[in-house]
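Enquirer: Structure below; questions to follow.
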Amino acid sequence: MVNLTIDGRKLQAEQGQTILEVARDNGIDIPTLCYNEGVEPYGACRLCLVEISKNGHTRLVTSCLYPIEEGLVINTASERVMANRKMLMELLLARCSGVKVIEDLARKMGVEKPSFKPEYLEKNECILCGLCVRACREVVGTSAISLVNRGVNREVAAPFLETAPDCIGCGSCVFICPTKCIKMEDKGDIRTIHNWKVDFKLKKCKVCGNYFAPEKQLEYIRKKSNLPEDFFDTCPNCK
Ligand code: SF4
Ligand code: SF4
Ligand code: FES
C-alpha cells in the first residue's frame with residue numbers, strides 16, 4: 001500500500017493507481033472532461049490538474065495520468081489549481097459556447113462567460129478530448145478514426161478526411177463523446193454517422209421485425225466471437 005495525503009486527508013491506496021482514481025475512491029471531486037475509466041487516460045483537457053508537493057517542490061500535474069507515490073502530498077483545489085482550471089474553462093467556453101456539458105462545468109467553477117476569446121479560436125463543439133478515438137481503438141478494436149493535423153487545424157477524422165472504411169457503425173464514439181458532437185441517425189433500415197461520412201444497412205429481426213444494429217457490426221462481432229451464422233437473425237429482445 002502507498003501512503004499519501006490529499007487535501008489534508010491521510011490516505012492509503014494501491015500501488016499503480018493514479019491520483020484521480022484515489023481521489024474518486026475517497027469521494028474527492030476533481031473535474032474531468034477527457035477521462036473515462038473504460039479507456040486509457042490521455043491527458044488532453046488538463047482540467048484534472050492538481051498541485052503535488054515532493055522534496056520541497058510543488059508543481060501542477062494532470063491527476064488522470066500521474067501515478068501515486070509514497071509520501072506524496074496533493075492539493076486538489078489550491079489557488080494555483082483553481083486559477084489554471086478557470087483559465088482552461090474560459091478557453092473551452094470560448095470554443096464551445098452552447099455546449100451543455102461545458103457550460104454546466106464552467107458554471108460549477110464560477111465561470112459564466114469567457115473574459116477573452118483568442119482570434120484563432122473558431123467555434124467548435126469538439127474539445128479534442130480523444131475519447132472517441134480511444135473507444136474505437138481500445139474497446140471496439142477497429143481504429144476507424146484518429147486525431148489528425150496540428151494546432152488550430154487539429155480534428156478527429158476518418159482517414160484522409162474522407163469516409164471511414166473500417167467503421168462498423170457501432171456508435172461507441174457517439175456514446176462516449178462528452179459534448180455529443182458526433183451525429184448519428186437511424187432512419188428506416190439505414191444508420192448514418194455524419195461525422196465519418198458513413199452509412200450502414202441495419203439488420204431486421206426475424207421475429208419482431210425491428211431494425212436493431214448495423215449488419216457490418218453484427219458480422220464483426222460474430223466473426224470475432226466465433227458465433228454461428230444465424231446468431232444475429234433475431235434481436236436481443238427476441239432471443
Ligand atoms: S461507430 Fe465507427 S468510428 Fe465510432 S466507435 Fe464504432 S467503429 Fe469506431
Ligand atoms: S468528437 Fe467528441 S469524443 Fe471525439 S475528440 Fe471531439 S469531443 Fe472528444
Ligand atoms: S481528465 Fe485528465 S487531462 Fe483530461
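Quick note on naming: the chains in the C-alpha cells go A, B, ... in the order shown, residues restart at 1 in each chain, and ligands are numbered from 1 in order of appearance.
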May I have a table of the residues of stretch 53-138 of chain A lying at most 6 Å from stretch 2-21 of chain A, giving each one's closest pair of atoms and their distance in Å to one decimal, counting only C-alpha atoms, ordered by chain and ascending residue number, as JSON lines?
Expert:
```
{"residue": "A:Ser63", "atom": "CA", "partner": "A:Leu20", "partner_atom": "CA", "distance": 4.9}
{"residue": "A:Cys64", "atom": "CA", "partner": "A:Leu20", "partner_atom": "CA", "distance": 5.0}
{"residue": "A:Tyr66", "atom": "CA", "partner": "A:Thr18", "partner_atom": "CA", "distance": 5.3}
{"residue": "A:Pro67", "atom": "CA", "partner": "A:Thr18", "partner_atom": "CA", "distance": 4.1}
{"residue": "A:Ile68", "atom": "CA", "partner": "A:Thr18", "partner_atom": "CA", "distance": 5.5}
{"residue": "A:Glu70", "atom": "CA", "partner": "A:Val2", "partner_atom": "CA", "distance": 5.2}
{"residue": "A:Gly71", "atom": "CA", "partner": "A:Leu4", "partner_atom": "CA", "distance": 4.9}
{"residue": "A:Leu72", "atom": "CA", "partner": "A:Leu4", "partner_atom": "CA", "distance": 5.0}
{"residue": "A:Val73", "atom": "CA", "partner": "A:Thr5", "partner_atom": "CA", "distance": 4.8}
{"residue": "A:Ile74", "atom": "CA", "partner": "A:Ile6", "partner_atom": "CA", "distance": 4.7}
{"residue": "A:Asn75", "atom": "CA", "partner": "A:Asp7", "partner_atom": "CA", "distance": 5.0}
```
Enquirer: For the contact check between stretch 112-146 of chain A and stretch 214-234 of chain A, emit one row per residue of stretch 112-146 of chain A within 12 Å, containing the shortest atom pair and the distance in Å rounded to one decimal, counting only C-alpha atoms, chain then rising number order, as JSON lines.
Expert:
```
{"residue": "A:Val140", "atom": "CA", "partner": "A:Ile221", "partner_atom": "CA", "distance": 9.6}
{"residue": "A:Gly141", "atom": "CA", "partner": "A:Tyr220", "partner_atom": "CA", "distance": 10.2}
{"residue": "A:Thr142", "atom": "CA", "partner": "A:Tyr220", "partner_atom": "CA", "distance": 9.8}
```
Enquirer: Please give me, as a VMD selection string, the residues lying within 9 Å of ligand 1 when counting only C-alpha atoms and all ligand atoms.
Expert: chain A and resid 132 to 137 139 to 146 158 164 to 176 182 184 193 196 198 217
Enquirer: DSSP says strand (DSSP E or B) for which residues of stretch 3-239 of chain A? Put them as a PyMOL selection string?
Expert: chain A and resi 3-6+9-13+18+49-54+57-62+67+72-75+146-148+155-157+184-187+190-193+198-204+211-214
Enquirer: Any residue with an atom at most 7 Å from ligand 2 counts, using only C-alpha atoms and all ligand atoms. Which are they? Put them as a PyMOL selection string.
Expert: chain A and resi 125-133+156+173+176-182
Enquirer: With all heavy atoms retained, write the just-selected residues as a CSV table (one decimal), in the first residue's frame.
Expert:
```csv
chain,number,residue,atom,x,y,z
A,125,GLU,N,-17.6,22.4,-31.5
A,125,GLU,CA,-18.2,21.6,-30.4
A,125,GLU,C,-17.2,20.5,-29.9
A,125,GLU,O,-17.4,19.9,-28.9
A,125,GLU,CB,-19.6,21.0,-30.7
A,125,GLU,CG,-20.6,22.1,-30.9
A,125,GLU,CD,-22.0,21.6,-31.2
A,125,GLU,OE1,-22.1,20.4,-31.4
A,125,GLU,OE2,-22.9,22.4,-31.2
A,126,CYS,N,-16.3,20.2,-30.7
A,126,CYS,CA,-15.3,19.1,-30.4
A,126,CYS,C,-14.2,19.7,-29.5
A,126,CYS,O,-13.6,20.7,-29.9
A,126,CYS,CB,-14.7,18.5,-31.6
A,126,CYS,SG,-13.4,17.3,-31.3
A,127,ILE,N,-13.9,19.1,-28.4
A,127,ILE,CA,-12.9,19.6,-27.5
A,127,ILE,C,-11.6,18.8,-27.6
A,127,ILE,O,-10.7,19.0,-26.8
A,127,ILE,CB,-13.4,19.6,-26.0
A,127,ILE,CG1,-13.8,18.1,-25.6
A,127,ILE,CG2,-14.5,20.6,-25.8
A,127,ILE,CD1,-14.0,18.0,-24.1
A,128,LEU,N,-11.5,18.0,-28.6
A,128,LEU,CA,-10.3,17.2,-28.9
A,128,LEU,C,-9.8,16.4,-27.8
A,128,LEU,O,-8.7,16.2,-27.5
A,128,LEU,CB,-9.2,18.2,-29.4
A,128,LEU,CG,-9.5,19.1,-30.6
A,128,LEU,CD1,-8.3,20.1,-30.8
A,128,LEU,CD2,-9.6,18.2,-31.8
A,129,CYS,N,-10.8,15.8,-27.1
A,129,CYS,CA,-10.5,15.0,-25.9
A,129,CYS,C,-10.0,13.6,-26.3
A,129,CYS,O,-9.4,12.9,-25.5
A,129,CYS,CB,-11.7,14.9,-25.0
A,129,CYS,SG,-13.0,13.9,-25.7
A,130,GLY,N,-10.3,13.2,-27.5
A,130,GLY,CA,-9.8,11.9,-28.0
A,130,GLY,C,-10.5,10.7,-27.4
A,130,GLY,O,-10.1,9.6,-27.7
A,131,LEU,N,-11.6,10.9,-26.7
A,131,LEU,CA,-12.3,9.8,-26.2
A,131,LEU,C,-12.9,8.9,-27.3
A,131,LEU,O,-12.8,7.6,-27.2
A,131,LEU,CB,-13.4,10.3,-25.3
A,131,LEU,CG,-13.1,10.6,-23.8
A,131,LEU,CD1,-14.2,11.3,-23.1
A,131,LEU,CD2,-12.6,9.3,-23.0
A,132,CYS,N,-13.4,9.5,-28.3
A,132,CYS,CA,-13.9,8.7,-29.4
A,132,CYS,C,-12.9,7.8,-30.1
A,132,CYS,O,-13.1,6.7,-30.4
A,132,CYS,CB,-14.6,9.6,-30.5
A,132,CYS,SG,-13.5,10.9,-31.1
A,133,VAL,N,-11.7,8.4,-30.3
A,133,VAL,CA,-10.6,7.7,-30.9
A,133,VAL,C,-10.2,6.5,-30.1
A,133,VAL,O,-9.9,5.4,-30.5
A,133,VAL,CB,-9.4,8.7,-31.2
A,133,VAL,CG1,-8.2,7.9,-31.7
A,133,VAL,CG2,-9.8,9.8,-32.1
A,156,VAL,N,-10.7,15.4,-35.2
A,156,VAL,CA,-10.9,14.0,-35.3
A,156,VAL,C,-11.5,13.7,-36.7
A,156,VAL,O,-12.4,14.4,-37.1
A,156,VAL,CB,-11.9,13.4,-34.3
A,156,VAL,CG1,-12.1,11.9,-34.4
A,156,VAL,CG2,-11.5,13.8,-32.9
A,173,CYS,N,-18.4,5.7,-30.3
A,173,CYS,CA,-17.8,7.0,-30.3
A,173,CYS,C,-18.9,8.0,-30.0
A,173,CYS,O,-18.6,9.0,-29.3
A,173,CYS,CB,-17.1,7.3,-31.6
A,173,CYS,SG,-18.2,7.0,-33.1
A,176,ILE,N,-19.7,7.9,-26.2
A,176,ILE,CA,-18.7,8.3,-25.2
A,176,ILE,C,-18.4,9.8,-25.4
A,176,ILE,O,-17.9,10.4,-24.4
A,176,ILE,CB,-17.4,7.5,-25.4
A,176,ILE,CG1,-16.6,7.5,-24.1
A,176,ILE,CG2,-16.5,8.0,-26.5
A,176,ILE,CD1,-15.5,6.5,-24.0
A,177,CYS,N,-18.7,10.4,-26.5
A,177,CYS,CA,-18.4,11.8,-26.7
A,177,CYS,C,-19.0,12.7,-25.7
A,177,CYS,O,-20.2,12.8,-25.6
A,177,CYS,CB,-18.8,12.3,-28.1
A,177,CYS,SG,-18.5,14.0,-28.4
A,178,PRO,N,-18.2,13.5,-24.9
A,178,PRO,CA,-18.8,14.3,-23.8
A,178,PRO,C,-19.6,15.4,-24.3
A,178,PRO,O,-20.5,15.9,-23.6
A,178,PRO,CB,-17.6,14.7,-23.0
A,178,PRO,CG,-16.4,14.6,-23.9
A,178,PRO,CD,-16.7,13.5,-24.9
A,179,THR,N,-19.3,16.0,-25.5
A,179,THR,CA,-20.1,17.1,-25.9
A,179,THR,C,-21.2,16.8,-26.9
A,179,THR,O,-21.9,17.7,-27.4
A,179,THR,CB,-19.1,18.1,-26.6
A,179,THR,OG1,-18.5,17.5,-27.8
A,179,THR,CG2,-18.0,18.6,-25.7
A,180,LYS,N,-21.3,15.5,-27.2
A,180,LYS,CA,-22.4,15.0,-28.1
A,180,LYS,C,-22.3,15.7,-29.5
A,180,LYS,O,-23.3,16.1,-30.1
A,180,LYS,CB,-23.8,15.2,-27.5
A,180,LYS,CG,-23.9,14.5,-26.1
A,180,LYS,CD,-23.9,13.0,-26.2
A,180,LYS,CE,-23.7,12.3,-24.9
A,180,LYS,NZ,-22.7,11.2,-24.9
A,181,CYS,N,-21.1,15.8,-30.0
A,181,CYS,CA,-20.9,16.5,-31.3
A,181,CYS,C,-20.7,15.5,-32.4
A,181,CYS,O,-20.5,15.9,-33.6
A,181,CYS,CB,-19.8,17.4,-31.2
A,181,CYS,SG,-18.1,16.7,-31.1
A,182,ILE,N,-20.9,14.2,-32.2
A,182,ILE,CA,-20.8,13.2,-33.3
A,182,ILE,C,-22.3,12.8,-33.6
A,182,ILE,O,-23.0,12.3,-32.7
A,182,ILE,CB,-20.0,11.9,-32.9
A,182,ILE,CG1,-18.6,12.3,-32.4
A,182,ILE,CG2,-19.9,11.0,-34.1
A,182,ILE,CD1,-17.8,11.2,-31.8
```
Enquirer: Go through the chains and note each residue within 10 Å of ligand 3, using only C-alpha atoms and all ligand atoms, then give the set as a PyMOL selection string.
Expert: chain A and resi 20+30-36+41-50+61-66+129-131
